[in-house]
Structures are given as C-alpha cells and as structure tokens.
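Dropping entry.cif in here (mmCIF, C-alpha atoms):
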data_structure
#
loop_
_atom_site.label_atom_id
_atom_site.label_comp_id
_atom_site.auth_asym_id
_atom_site.auth_seq_id
_atom_site.Cartn_x
_atom_site.Cartn_y
_atom_site.Cartn_z
CA MET L 1 63.73 -17.90 -0.51
CA ASN L 2 63.01 -14.44 0.92
CA LEU L 3 66.73 -14.03 1.68
CA ILE L 4 67.65 -14.87 -1.93
CA HIS L 5 64.98 -12.47 -3.20
CA THR L 6 66.29 -9.71 -0.91
CA LEU L 7 69.91 -10.26 -2.00
CA LEU L 8 68.95 -10.21 -5.67
CA ALA L 9 66.95 -7.00 -5.20
CA PHE L 10 69.90 -5.46 -3.34
CA LEU L 11 72.31 -6.33 -6.17
CA LEU L 12 69.86 -5.13 -8.83
CA ALA L 13 69.42 -1.83 -6.99
CA LEU L 14 73.01 -1.07 -6.01
CA GLY L 15 74.91 -2.68 -8.89
CA PRO L 16 73.68 -0.37 -11.69
CA LEU L 17 74.13 2.69 -9.44
CA ILE L 18 77.79 1.83 -8.84
CA VAL L 19 78.33 1.14 -12.55
CA PHE L 20 76.69 4.44 -13.50
CA HIS L 21 78.73 6.35 -10.91
CA GLU L 22 82.03 4.92 -12.12
CA LEU L 23 81.04 5.40 -15.76
CA GLY L 24 80.67 9.10 -14.98
CA HIS L 25 84.31 9.21 -13.86
CA TYR L 26 85.42 7.05 -16.80
CA VAL L 27 83.64 8.98 -19.57
CA VAL L 28 84.79 12.42 -18.37
CA ALA L 29 88.35 11.16 -17.82
CA ARG L 30 88.45 9.94 -21.42
CA LEU L 31 86.96 13.23 -22.67
CA CYS L 32 89.66 15.11 -20.75
CA GLY L 33 92.38 13.00 -22.37
CA VAL L 34 93.34 10.98 -19.27
CA LYS L 35 94.36 7.36 -19.76
CA VAL L 36 92.19 4.90 -17.82
CA LEU L 37 94.00 1.74 -16.71
CA ARG L 38 91.20 -0.13 -14.94
CA PHE L 39 87.42 0.08 -14.46
CA SER L 40 86.41 -2.14 -11.52
CA ILE L 41 83.05 -3.04 -10.05
CA GLY L 42 83.75 -4.03 -6.45
CA MET L 43 86.89 -3.65 -4.38
CA GLY L 44 89.76 -5.91 -3.38
CA ARG L 45 91.01 -8.95 -5.29
CA ILE L 46 89.99 -9.13 -8.96
CA VAL L 47 87.96 -12.25 -9.76
CA TRP L 48 87.33 -11.56 -13.46
CA SER L 49 88.78 -9.12 -15.99
CA ARG L 50 89.06 -8.41 -19.73
CA ARG L 51 90.92 -5.72 -21.67
CA PHE L 52 89.21 -3.62 -24.33
CA GLY L 53 89.71 -0.44 -26.36
CA PRO L 54 92.70 1.40 -27.82
CA ASP L 55 94.26 1.85 -24.33
CA GLN L 56 93.57 -1.79 -23.40
CA THR L 57 91.65 -0.64 -20.33
CA GLU L 58 91.11 -3.51 -17.87
CA TRP L 59 87.39 -4.03 -17.12
CA ALA L 60 87.16 -6.00 -13.89
CA ILE L 61 84.86 -7.46 -11.25
CA SER L 62 86.39 -7.56 -7.77
CA ALA L 63 85.63 -9.71 -4.75
CA LEU L 64 84.10 -7.18 -2.35
CA PRO L 65 80.74 -5.78 -3.63
CA ILE L 66 81.05 -2.49 -1.71
CA GLY L 67 81.63 -0.01 -4.50
CA GLY L 68 83.96 0.35 -7.43
CA TYR L 69 86.76 2.48 -8.80
CA VAL L 70 88.36 3.88 -11.94
CA LYS L 71 92.15 3.65 -11.89
CA MET L 72 93.82 6.28 -14.06
CA LEU L 73 97.40 7.00 -15.07
CA ASP L 74 98.65 8.76 -11.92
CA ALA L 75 102.24 9.67 -11.01
CA ARG L 76 101.42 9.68 -7.26
CA ASP L 77 101.16 5.87 -7.24
CA PRO L 78 104.16 3.83 -8.47
CA SER L 79 101.79 1.12 -9.77
CA THR L 80 99.96 3.61 -12.02
CA ALA L 81 102.78 6.02 -12.89
CA PRO L 82 103.60 6.52 -16.62
CA THR L 83 106.28 4.17 -17.89
CA ASN L 84 107.08 6.09 -21.09
CA ASP L 85 107.25 9.74 -22.10
CA ALA L 86 104.41 9.37 -24.63
CA ASP L 87 101.92 8.83 -21.79
CA LEU L 88 102.98 11.84 -19.72
CA PRO L 89 100.41 14.27 -21.25
CA ARG L 90 97.65 11.76 -20.35
CA GLU L 91 98.63 11.48 -16.68
CA PHE L 92 95.93 12.66 -14.22
CA THR L 93 97.94 15.12 -12.09
CA ARG L 94 99.27 16.90 -15.22
CA GLN L 95 95.75 17.99 -16.15
CA ASN L 96 94.66 21.47 -15.17
CA VAL L 97 92.64 21.78 -11.95
CA TRP L 98 89.33 22.31 -13.75
CA LYS L 99 89.70 19.03 -15.66
CA ARG L 100 90.49 17.21 -12.41
CA ILE L 101 87.43 18.77 -10.78
CA ALA L 102 85.26 17.68 -13.72
CA ILE L 103 86.57 14.09 -13.59
CA VAL L 104 86.00 13.75 -9.83
CA ALA L 105 82.58 15.44 -9.84
CA ALA L 106 81.35 13.34 -12.78
CA GLY L 107 80.56 10.31 -10.61
CA PRO L 108 78.09 11.99 -8.23
CA ILE L 109 76.63 14.03 -11.10
CA ALA L 110 75.98 10.77 -12.98
CA ASN L 111 73.98 9.53 -9.97
CA PHE L 112 71.88 12.71 -9.92
CA ILE L 113 71.25 12.43 -13.69
CA LEU L 114 70.15 8.80 -13.28
CA ALA L 115 67.74 9.79 -10.49
CA ILE L 116 66.23 12.56 -12.65
CA VAL L 117 65.75 10.18 -15.59
CA VAL L 118 64.14 7.45 -13.43
CA MET L 119 61.78 9.90 -11.71
CA ALA L 120 60.87 11.54 -15.02
CA ALA L 121 60.05 8.12 -16.49
CA LEU L 122 57.82 7.34 -13.51
CA PHE L 123 56.00 10.68 -13.83
CA MET L 124 55.50 10.13 -17.58
CA HIS L 125 54.21 6.59 -17.03
CA GLY L 126 51.87 7.72 -14.28
CA LYS L 127 51.81 6.49 -10.70
CA GLU L 128 48.80 5.20 -8.78
CA GLU L 129 49.11 6.58 -5.27
CA PRO L 130 46.83 7.22 -2.29
CA GLY L 131 45.24 10.67 -2.49
CA THR L 132 45.27 13.41 0.13
CA ARG L 133 41.74 13.00 1.54
CA LEU L 134 41.97 12.89 5.34
CA ARG L 135 40.36 10.45 7.72
CA ALA L 136 38.48 11.80 10.74
CA MET L 137 41.03 12.89 13.31
CA PRO L 138 41.01 13.07 17.13
CA GLU L 139 39.79 16.38 18.54
CA ALA L 140 43.03 16.71 20.52
CA SER L 141 45.19 16.47 17.37
CA ALA L 142 47.10 19.45 15.95
CA VAL L 143 45.26 19.45 12.62
CA TYR L 144 41.82 19.32 14.25
CA LYS L 145 42.74 22.29 16.45
CA ALA L 146 43.87 24.10 13.28
CA GLY L 147 40.36 23.67 11.82
CA VAL L 148 40.83 20.61 9.60
CA ARG L 149 38.04 18.03 9.48
CA GLY L 150 37.80 14.43 8.32
CA GLY L 151 36.82 13.91 4.69
CA ASP L 152 38.56 17.11 3.53
CA VAL L 153 41.22 16.99 0.80
CA VAL L 154 44.61 18.72 1.11
CA THR L 155 45.37 20.46 -2.20
CA ALA L 156 48.52 22.44 -1.30
CA VAL L 157 51.14 22.83 1.43
CA ASN L 158 52.69 26.29 1.80
CA GLY L 159 51.40 27.13 -1.65
CA ARG L 160 52.92 24.05 -3.31
CA PRO L 161 50.26 21.82 -4.94
CA VAL L 162 50.06 18.21 -3.72
CA GLN L 163 48.17 15.40 -5.40
CA SER L 164 49.26 12.30 -3.51
CA TRP L 165 49.92 11.19 0.05
CA THR L 166 53.63 10.86 -0.80
CA GLU L 167 53.79 14.49 -1.89
CA LEU L 168 51.86 15.61 1.21
CA ARG L 169 54.22 13.75 3.54
CA TRP L 170 57.23 15.11 1.66
CA GLU L 171 56.15 18.72 2.18
CA ILE L 172 55.29 18.19 5.86
CA VAL L 173 58.64 16.52 6.58
CA ARG L 174 60.48 19.34 4.79
CA ALA L 175 58.72 21.90 6.98
CA ALA L 176 59.51 19.86 10.11
CA ILE L 177 63.21 19.72 9.23
CA ASP L 178 63.28 23.47 8.49
CA LYS L 179 61.09 24.19 11.58
CA HIS L 180 58.74 26.29 9.46
CA ALA L 181 55.02 26.83 9.93
CA VAL L 182 52.74 24.88 7.57
CA GLU L 183 49.80 26.43 5.76
CA LEU L 184 47.47 23.75 4.42
CA THR L 185 45.04 24.53 1.62
CA LEU L 186 42.02 22.21 1.75
CA ARG L 187 38.59 21.69 0.25
CA GLY L 188 35.63 19.91 1.74
CA PRO L 189 34.16 16.62 0.46
CA GLY L 190 31.29 18.26 -1.43
CA PRO L 191 31.66 19.19 -5.14
CA ASN L 192 30.86 22.86 -4.43
CA SER L 193 32.97 23.17 -1.29
CA ALA L 194 35.03 26.34 -1.10
CA PRO L 195 38.77 26.02 -0.38
CA TYR L 196 40.01 27.08 3.03
CA ARG L 197 43.32 27.31 4.86
CA ALA L 198 44.60 25.90 8.13
CA VAL L 199 47.93 26.77 9.77
CA LEU L 200 50.17 24.52 11.86
CA PRO L 201 52.48 26.87 13.81
CA ALA L 202 56.27 26.73 13.57
CA ASP L 203 56.71 25.72 17.22
CA ARG L 204 54.49 22.65 16.68
CA MET L 205 56.45 21.67 13.56
CA ALA L 206 59.78 22.21 15.35
CA SER L 207 58.73 19.78 18.11
CA LEU L 208 58.18 16.92 15.67
CA ASP L 209 60.58 13.98 15.56
CA VAL L 210 61.27 13.46 11.86
CA ASP L 211 62.17 9.82 12.61
CA SER L 212 58.53 9.17 13.55
CA ASP L 213 55.28 9.01 11.59
CA VAL L 214 55.09 12.79 11.23
CA LEU L 215 51.64 12.87 9.63
CA GLY L 216 50.22 10.47 12.21
CA VAL L 217 51.59 12.54 15.09
CA LEU L 218 49.82 15.61 13.68
CA GLY L 219 46.59 13.61 13.38
CA MET L 220 46.61 13.14 9.59
CA GLN L 221 45.61 9.68 8.36
CA LEU L 222 44.46 8.38 5.00
CA TRP L 223 40.72 8.51 4.36
CA ARG L 224 39.11 5.08 4.03
CA PRO L 225 35.78 4.06 2.50
CA ARG L 226 32.75 3.09 4.57
CA PRO L 227 33.15 -0.43 6.01
CA SER L 228 31.45 -2.78 3.57
CA VAL L 229 32.02 -6.53 3.80
CA ASP L 230 34.12 -7.85 0.89
CA LYS L 231 34.18 -11.51 1.91
CA VAL L 232 33.04 -13.70 4.81
CA LEU L 233 35.29 -16.69 5.45
CA PRO L 234 33.67 -19.97 6.54
CA ASP L 235 33.79 -21.28 10.12
CA GLY L 236 34.44 -17.87 11.64
CA ALA L 237 32.69 -15.54 14.06
CA ALA L 238 31.43 -13.33 11.20
CA ALA L 239 29.77 -16.27 9.46
CA ARG L 240 28.16 -17.42 12.73
CA ALA L 241 26.81 -13.91 13.30
CA GLY L 242 25.12 -13.90 9.88
CA LEU L 243 27.24 -11.22 8.19
CA ARG L 244 27.18 -11.40 4.38
CA GLN L 245 29.20 -10.08 1.49
CA GLY L 246 28.00 -6.57 0.61
CA ASP L 247 26.79 -5.71 4.11
CA LEU L 248 27.59 -2.15 5.19
CA VAL L 249 28.61 -1.92 8.86
CA THR L 250 27.22 1.27 10.39
CA SER L 251 27.71 0.86 14.14
CA ILE L 252 29.02 -1.33 16.94
CA ASP L 253 27.24 -1.20 20.29
CA GLY L 254 25.51 1.98 19.13
CA LYS L 255 28.78 3.74 18.28
CA ASN L 256 29.19 4.98 14.70
CA ILE L 257 31.75 3.08 12.60
CA ALA L 258 33.25 5.36 9.97
CA ASP L 259 35.54 2.96 8.11
CA GLY L 260 37.21 -0.44 8.07
CA ILE L 261 39.91 0.63 10.52
CA ASP L 262 37.28 1.54 13.13
CA PHE L 263 35.70 -1.90 12.65
CA ILE L 264 39.02 -3.76 12.93
CA GLU L 265 40.03 -1.87 16.08
CA ALA L 266 36.68 -2.59 17.73
CA VAL L 267 36.90 -6.30 16.89
CA ARG L 268 40.51 -6.73 18.00
CA GLY L 269 39.74 -5.32 21.43
CA ALA L 270 36.71 -7.53 22.04
CA ALA L 271 37.92 -11.15 22.04
CA GLY L 272 35.18 -13.32 23.61
CA LYS L 273 32.79 -10.38 24.05
CA THR L 274 29.51 -10.02 22.17
CA LEU L 275 29.25 -6.91 20.01
CA LEU L 276 25.98 -5.62 18.60
CA VAL L 277 26.82 -4.79 14.97
CA GLY L 278 24.52 -2.44 13.07
CA VAL L 279 24.32 -3.41 9.38
CA GLN L 280 22.63 -2.09 6.25
CA ARG L 281 21.82 -4.89 3.81
CA GLY L 282 20.52 -4.79 0.27
CA ALA L 283 20.77 -2.57 -2.83
CA GLU L 284 20.43 1.20 -2.58
CA GLY L 285 16.76 2.16 -2.23
CA SER L 286 15.75 -1.18 -0.74
CA THR L 287 18.07 -1.54 2.24
CA ALA L 288 17.21 -3.22 5.51
CA SER L 289 18.75 -2.23 8.85
CA LEU L 290 19.83 -5.14 11.05
CA VAL L 291 21.58 -5.60 14.36
CA LEU L 292 23.67 -8.78 14.51
CA PRO L 293 25.39 -10.24 17.61
CA LEU L 294 29.07 -10.78 16.80
CA THR L 295 31.37 -12.57 19.27
CA PRO L 296 35.01 -12.44 18.09
CA ASP L 297 37.14 -15.52 18.68
CA ARG L 298 40.47 -15.12 20.47
CA ASP L 299 43.52 -15.34 18.23
CA PRO L 300 45.78 -17.97 19.91
CA GLN L 301 48.92 -16.07 18.93
CA SER L 302 48.10 -12.42 19.63
CA GLY L 303 45.14 -12.82 22.01
CA LYS L 304 43.18 -10.27 19.97
CA GLY L 305 39.70 -10.63 18.54
CA LEU L 306 39.35 -12.57 15.28
CA VAL L 307 36.19 -12.79 13.10
CA LYS L 308 37.45 -14.18 9.72
CA LEU L 309 36.08 -11.44 7.53
CA MET L 310 37.53 -9.18 4.83
CA ILE L 311 36.31 -5.59 4.98
CA ALA L 312 36.91 -2.66 2.60
CA GLN L 313 39.69 -0.34 3.76
CA ALA L 314 41.58 0.60 0.57
CA PRO L 315 42.34 4.36 0.44
CA GLU L 316 41.18 6.67 -2.33
CA MET L 317 43.70 6.47 -5.19
CA VAL L 318 44.83 9.15 -7.66
CA THR L 319 47.00 8.98 -10.80
CA VAL L 320 50.00 11.30 -10.73
CA LYS L 321 51.12 11.83 -14.34
CA ALA L 322 52.99 14.48 -16.37
CA GLY L 323 54.11 15.19 -19.93
CA PRO L 324 57.81 14.80 -20.91
CA LEU L 325 58.96 18.37 -20.16
CA GLU L 326 56.98 18.63 -16.93
CA ALA L 327 58.14 15.14 -15.91
CA PHE L 328 61.82 16.04 -16.30
CA ALA L 329 61.24 19.33 -14.46
CA LYS L 330 59.55 17.43 -11.61
CA GLY L 331 62.32 14.82 -11.61
CA ALA L 332 65.00 17.53 -11.39
CA GLN L 333 63.08 19.38 -8.68
CA ARG L 334 62.56 16.24 -6.60
CA THR L 335 66.24 15.28 -7.00
CA TRP L 336 67.36 18.73 -5.84
CA GLU L 337 64.93 18.77 -2.90
CA THR L 338 65.90 15.25 -1.81
CA SER L 339 69.60 16.17 -1.99
CA ALA L 340 69.01 19.35 0.04
CA MET L 341 66.96 17.45 2.62
CA THR L 342 69.69 14.80 2.93
CA VAL L 343 72.33 17.47 3.53
CA LYS L 344 70.12 19.15 6.16
CA MET L 345 69.57 15.82 7.92
CA ILE L 346 73.34 15.19 8.00
CA ALA L 347 73.93 18.68 9.40
CA LYS L 348 71.28 18.15 12.08
CA MET L 349 72.83 14.79 13.01
CA ILE L 350 76.21 16.50 13.45
CA VAL L 351 74.77 19.12 15.83
CA GLY L 352 72.61 16.55 17.64
CA GLU L 353 69.18 17.76 16.51
CA VAL L 354 68.47 14.46 14.70
CA SER L 355 69.31 10.99 16.00
CA LEU L 356 72.31 9.11 14.60
CA LYS L 357 70.04 6.09 14.20
CA ASN L 358 69.10 7.58 10.81
CA VAL L 359 72.48 6.42 9.49
CA THR L 360 71.69 3.18 7.65
CA GLY L 361 73.92 0.58 6.08
CA PRO L 362 73.81 -2.30 3.61
CA ILE L 363 71.51 -4.51 5.69
CA THR L 364 68.74 -1.91 5.82
CA ILE L 365 69.25 -1.02 2.16
CA ALA L 366 68.96 -4.70 1.22
CA ASP L 367 65.83 -5.12 3.36
CA VAL L 368 64.10 -2.09 1.82
CA ALA L 369 65.22 -3.19 -1.66
CA GLY L 370 63.53 -6.55 -1.09
CA GLN L 371 60.33 -4.97 0.25
CA THR L 372 60.00 -2.49 -2.62
CA ALA L 373 60.79 -5.17 -5.21
CA ARG L 374 57.97 -7.30 -3.82
CA SER L 375 55.64 -4.28 -3.98
CA GLY L 376 56.15 -3.82 -7.73
CA LEU L 377 58.37 -2.21 -10.35
CA GLU L 378 57.34 1.39 -9.62
CA PRO L 379 58.21 1.35 -5.88
CA PHE L 380 61.47 -0.44 -6.71
CA LEU L 381 62.44 2.21 -9.29
CA GLU L 382 61.55 4.98 -6.82
CA PHE L 383 63.82 3.31 -4.28
CA ILE L 384 66.65 3.12 -6.85
CA ALA L 385 66.25 6.84 -7.60
CA PHE L 386 66.40 7.67 -3.87
CA ILE L 387 69.50 5.53 -3.32
CA SER L 388 71.14 7.08 -6.39
CA ILE L 389 70.60 10.55 -4.89
CA SER L 390 71.93 9.38 -1.51
CA LEU L 391 75.00 7.89 -3.19
CA GLY L 392 75.63 11.15 -5.03
CA VAL L 393 75.26 13.26 -1.88
CA MET L 394 77.40 10.97 0.29
CA ASN L 395 80.20 11.00 -2.27
CA LEU L 396 80.18 14.81 -2.30
CA LEU L 397 80.74 15.05 1.46
CA PRO L 398 84.12 16.72 2.14
CA ILE L 399 85.66 13.56 3.57
CA PRO L 400 89.13 12.58 2.32
CA VAL L 401 89.06 9.36 0.19
CA LEU L 402 85.58 10.31 -1.07
CA ASP L 403 84.99 12.40 -4.21
CA GLY L 404 84.01 15.36 -2.03
CA GLY L 405 87.36 15.24 -0.24
CA HIS L 406 89.24 15.43 -3.55
CA LEU L 407 86.99 18.28 -4.68
CA LEU L 408 87.89 20.10 -1.46
CA TYR L 409 91.61 19.70 -2.27
CA TYR L 410 91.12 21.03 -5.79
CA SER L 411 88.97 23.92 -4.56
CA LEU L 412 91.82 24.94 -2.23
CA GLU L 413 94.18 24.67 -5.18
CA VAL L 414 91.96 27.05 -7.17
CA LEU L 415 91.99 29.53 -4.27
CA THR L 416 95.71 29.31 -3.44
CA GLY L 417 97.10 28.67 -6.90
CA ARG L 418 99.10 25.62 -5.82
CA PRO L 419 98.32 21.96 -5.00
CA LEU L 420 97.84 20.74 -1.44
CA PRO L 421 101.21 19.57 0.02
CA ALA L 422 101.61 15.79 -0.31
CA ARG L 423 102.21 15.32 3.43
CA ILE L 424 98.96 17.07 4.37
CA GLY L 425 97.14 14.99 1.74
CA GLU L 426 98.50 11.75 3.28
CA ILE L 427 97.41 12.74 6.80
CA ALA L 428 93.97 13.77 5.53
CA GLN L 429 93.60 10.46 3.68
CA ARG L 430 94.33 8.47 6.84
CA ALA L 431 91.88 10.56 8.84
CA GLY L 432 89.28 10.11 6.11
CA VAL L 433 89.70 6.34 6.11
CA GLY L 434 89.25 6.27 9.89
CA LEU L 435 86.13 8.44 9.72
CA LEU L 436 84.69 6.31 6.93
CA PHE L 437 85.23 3.12 8.92
CA MET L 438 83.51 4.71 11.95
CA LEU L 439 80.53 5.68 9.78
CA MET L 440 80.35 2.17 8.36
CA ALA L 441 80.50 0.66 11.85
CA LEU L 442 77.71 2.98 13.03
CA ALA L 443 75.59 2.10 9.98
CA VAL L 444 76.03 -1.65 10.51
CA PHE L 445 75.29 -1.27 14.25
CA ASN L 446 72.04 0.60 13.45
CA ASP L 447 71.14 -2.07 10.91
CA LEU L 448 71.62 -4.85 13.45
CA VAL L 449 69.58 -2.99 16.10
CA ARG L 450 66.70 -2.66 13.60
CA LEU L 451 67.04 -6.30 12.59
CA LEU L 452 67.01 -7.61 16.16
#

Just dump the structure as structure tokens.
Amino acid sequence: MNLIHTLLAFLLALGPLIVFHELGHYVVARLCGVKVLRFSIGMGRIVWSRRFGPDQTEWAISALPIGGYVKMLDARDPSTAPTNDADLPREFTRQNVWKRIAIVAAGPIANFILAIVVMAALFMHGKEEPGTRLRAMPEASAVYKAGVRGGDVVTAVNGRPVQSWTELRWEIVRAAIDKHAVELTLRGPGPNSAPYRAVLPADRMASLDVDSDVLGVLGMQLWRPRPSVDKVLPDGAAARAGLRQGDLVTSIDGKNIADGIDFIEAVRGAAGKTLLVGVQRGAEGSTASLVLPLTPDRDPQSGKGLVKLMIAQAPEMVTVKAGPLEAFAKGAQRTWETSAMTVKMIAKMIVGEVSLKNVTGPITIADVAGQTARSGLEPFLEFIAFISISLGVMNLLPIPVLDGGHLLYYSLEVLTGRPLPARIGEIAQRAGVGLLFMLMALAVFNDLVRLL
C-alpha cells in the first residue's frame, strides 16, 4: 500500500510539471507561428493519442514516463519536414533566432513561473512552521562560543529577517555554500530583552559539509517545551512508577531535565536501571514536588530503555503569511535563490567541493514525494515547487539534447551571425546523449545506495 501511495504521489508531483514544461514550448511555438505536430507526455511508443485544433496536432501519451516532448515542423528531420510549400513559413528552422530562443526557453521559464505561483499561494494561505527559538546548546558548539544561549530567538541572518526554522536553515546553508561569515541577530526569551548579534566566522562556515545537518553541526536545535506528561500508557514502567498525566518532569538523578528530548535520551540509555525522577504535580500555585523511582524496561528490538509514556516535545510554532503582492515577491525571490543555489551546488560538484552523492534520481524523488504527501498538502506543494525549479534549472544546463544545449547553439548563432554547422551539431548531440546517460546512471546508483 505504501508503494502504491508513493507511486501515485510521484506521478502527481512530476506529471503536472512535465505537462507545464511542454505547454510552455507549445504555447510560445504557436505564438511564434510554428506548426506543432505532436504534444507527448512520456517518451517512446505512443499508447494513446487524439488530434485536435486547426493544425490537427496529435496529443499523445507515450509508454516511458520520463519526460515529454513537443514535435514541431522541422526540416532537419525527414519525418517532420514540410510536405507542401504552404507550410514552409511555419517551419521551425525558418524562424529568426530570437523566436527559436523564445520557444526553447519557454519550457524552463514555465517551470519557474509555476514554482512562483505555488510558493505565492502557500505564503498567502499561511504556513504553520517551527519558529526560530533555540534549544540549549553544548558549550563546545560554534554558536555557544559565538555568544548564543538556549531559549533565544533568531530574528535575522546577515540582515535578512527569518521567521521560521525553514528560513533559518535556508540562510545558513546559503552562507555555507558561499563560504561567508554569518551574523545572527537574536533576542532573549524575556519580553523586554534587547536584541544582540553573534558572528559565526567564514572559516567555520567553509568547513561545513552541506550534505549534513548544518544547523545541528553548529549546535542549533529547535527549542522544546518543558517535559510535561501528555499520556501514561497502561502496563508500562511509567505507570508502575506512579507518573500521571500533567506531571512536569524537572530532574533525573538530580540532573536538570530541560525538555522532552532530555527525558527521552535519559530513559533510552537506562534500560533496567532505576532512575530517580523529580516531578512537580498539581495546578500552578498548589504544586507538590515528588521523586519517583522509574525503571525503564528493555525494548526487545533496540535494547534501549522503554517506559510507555507520551511526553510533550512539540516545538514552538509560528504562522508565516503574506499579502498577495508580498507573497508573489517572496515566491519570486525564493525561486531565484533556489535556482542560484542549485547552480552553485552543480558547480561545486564539478570542481569536487561537494559530493556527487547529491545527484538524485527518480527513486529518491518518488520516496520524498510519498513522504511529503503523507505529511499534508502544504509540504507536498512545497516539494512540487522545489522539483519544478530543479527541472527548470536542469533543462537550462548547456548540455546538447537539453533546452540549455539548444540555447547555447542559438547564442553562438547570435554572436557569429550564422547557424552552427550541422556536423558539429550531430557530434554535440551524441556527446550530450552520452553525458545524460552517465548522469542518469549516477542518479540511479545514488538512489539505490540510499535505498539499501
């Protein structure tokens, strides 16, 4: 059932993006007066088709769900060459170079437009996300050494305001990729706390592995509430110890317990050992302090301590929302920044500064599509926007057979005043196909390594 759910999520995510991409090519080709012979979703053998419109364009679904294409009237291919003189003005290669550039660029641009619209809709609707309040960090961590303390809220990174954990991580990762210093603006937990700044130096940011949990490596974790008991399950160690719903755990063996994560870590490492748990019980103003002996059972699968108790550990949430104009501005900004970051990551992979394991393929995309779909509509739409941007960027890479390769040809034509010689184009196409297959093989290999 999970496999079916994942496959459906994958098709729902990728299918519309491919359609939108090819519609970009189709619409601009029609506007430029080029005759479109076929609009196909998928590659290879056609399994279904119908003809519509004044040109009787064939709308088709093909067997291999790995993309799509728009086939136009084109003299370079005998199967698509004009068969009568009336169609000659509508043949692709007879259009001026700027029209050809517009037709080819329209697909990736359509993906960027879709991403902007989806992100703007999410900003207008409002997103519930974890805030930027920080959990207490180890004294040896980079942020602690910079002067940051647990309970403080990050309000800006390098002068750019941040409201949510996602935005905070985004800015930190950007700085790590660019190897820039980070200036955090923070405020303390009190209502009258004055803002202050803390700096993470460029050399520390440059040493980060962007494949890792960058915030965690720096010592930044989400703040969690104090560890109150939400529910005690029957026949467990917590019930035997006398813990009740509403109890506030304050200490274990005399050591302060700040939040639910502290409690869980202490319990998991103490299978079969008796812990002295300090508890506050009762309503505010009439609390009683107790010390309860808690002996965690041993989980037969993991060997870790198990007490059958649910404890509060949800992070502080904020609503990130914007009006229509601001939402579209934010959507455009995020699309641009994501595109730029993707290009930088590709460049760093080429020079060896970033691992090639970041190249992902259809298996990973399907897995993430399934996970985000199970998490809710908002995460799924965010994932679609990100994949749409990635699809746009990848298609603009100057690799023959991709849109970016054709744009490179036409750019050379603009500079030289004449088209690229056919023989050079053929050689470049073959090289491009080989490179594309190598990238696909690498992506599938990385997917299988992650899966296994």

Give me the residues of range 60-177 of chain L that have any atom at most 12 Å from an atom of range 253-267 of chain L; for each, the nearest atom pair and the distance in Å, rounded to one decimal. Use all atoms listed in the file, sort by chain and number, and format it as a Markdown table.
| residue | atom | partner | partner_atom | distance |
| --- | --- | --- | --- | --- |
| L:Arg135 | CA | L:Asp259 | CA | 8.9 |
| L:Ala136 | CA | L:Ala258 | CA | 8.3 |
| L:Met137 | CA | L:Ala258 | CA | 11.3 |
| L:Gly150 | CA | L:Ala258 | CA | 10.3 |
| L:Gly151 | CA | L:Ala258 | CA | 10.7 |

Would you save the residues from that selection as a PDB file, keeping the file's coordinate frame, using C-alpha atoms?
ATOM      1  CA  ARG L 135      40.360  10.450   7.720  1.00  0.00           C
ATOM      2  CA  ALA L 136      38.480  11.800  10.740  1.00  0.00           C
ATOM      3  CA  MET L 137      41.030  12.890  13.310  1.00  0.00           C
ATOM      4  CA  GLY L 150      37.800  14.430   8.320  1.00  0.00           C
ATOM      5  CA  GLY L 151      36.820  13.910   4.690  1.00  0.00           C
TER       6      GLY L 151
END

Distance cut-off 8 Å, centre (35.0, -10.3, 8.9) in file coordinates, counting only C-alpha atoms: which residues qualify? Return them as a ChimeraX atom specification. /L:229,231-233,237-239,243,307-311

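Using the PyMOL selection byres ((chain L and resi 93-96) around 10) on the file at hand returns these residues: Cys32, Gly33, Val34, Met72, Leu73, Asp74, Ala75, Arg76, Leu88, Pro89, Arg90, Glu91, Phe92, Val97, Trp98, Lys99, Arg100, Ile101 and Pro419 of chain L.
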
In Å, how far is it from CA of Pro400 in chain L to CA of Ile424 in chain L? 11.0 Å

Report the residues retrieved by the PyMOL selection byres ((chain L and resi 372) around 12) from the displayed file, expressed as a PyMOL selection string. chain L and resi 5-6+9-10+12-13+365-371+373-384

Go ahead and write the selection's residues with C-alpha atoms as a PDB file, keeping the file's coordinate frame.
ATOM      1  CA  HIS L   5      64.980 -12.470  -3.200  1.00  0.00           C
ATOM      2  CA  THR L   6      66.290  -9.710  -0.910  1.00  0.00           C
ATOM      3  CA  ALA L   9      66.950  -7.000  -5.200  1.00  0.00           C
ATOM      4  CA  PHE L  10      69.900  -5.460  -3.340  1.00  0.00           C
ATOM      5  CA  LEU L  12      69.860  -5.130  -8.830  1.00  0.00           C
ATOM      6  CA  ALA L  13      69.420  -1.830  -6.990  1.00  0.00           C
ATOM      7  CA  ILE L 365      69.250  -1.020   2.160  1.00  0.00           C
ATOM      8  CA  ALA L 366      68.960  -4.700   1.220  1.00  0.00           C
ATOM      9  CA  ASP L 367      65.830  -5.120   3.360  1.00  0.00           C
ATOM     10  CA  VAL L 368      64.100  -2.090   1.820  1.00  0.00           C
ATOM     11  CA  ALA L 369      65.220  -3.190  -1.660  1.00  0.00           C
ATOM     12  CA  GLY L 370      63.530  -6.550  -1.090  1.00  0.00           C
ATOM     13  CA  GLN L 371      60.330  -4.970   0.250  1.00  0.00           C
ATOM     14  CA  ALA L 373      60.790  -5.170  -5.210  1.00  0.00           C
ATOM     15  CA  ARG L 374      57.970  -7.300  -3.820  1.00  0.00           C
ATOM     16  CA  SER L 375      55.640  -4.280  -3.980  1.00  0.00           C
ATOM     17  CA  GLY L 376      56.150  -3.820  -7.730  1.00  0.00           C
ATOM     18  CA  LEU L 377      58.370  -2.210 -10.350  1.00  0.00           C
ATOM     19  CA  GLU L 378      57.340   1.390  -9.620  1.00  0.00           C
ATOM     20  CA  PRO L 379      58.210   1.350  -5.880  1.00  0.00           C
ATOM     21  CA  PHE L 380      61.470  -0.440  -6.710  1.00  0.00           C
ATOM     22  CA  LEU L 381      62.440   2.210  -9.290  1.00  0.00           C
ATOM     23  CA  GLU L 382      61.550   4.980  -6.820  1.00  0.00           C
ATOM     24  CA  PHE L 383      63.820   3.310  -4.280  1.00  0.00           C
ATOM     25  CA  ILE L 384      66.650   3.120  -6.850  1.00  0.00           C
TER      26      ILE L 384
END

Using all atoms listed in the file: which of L:Asp55, L:Ala347, L:Glu413, L:Lys357 has the shortest distance to Ile177 in chain L: L:Ala347
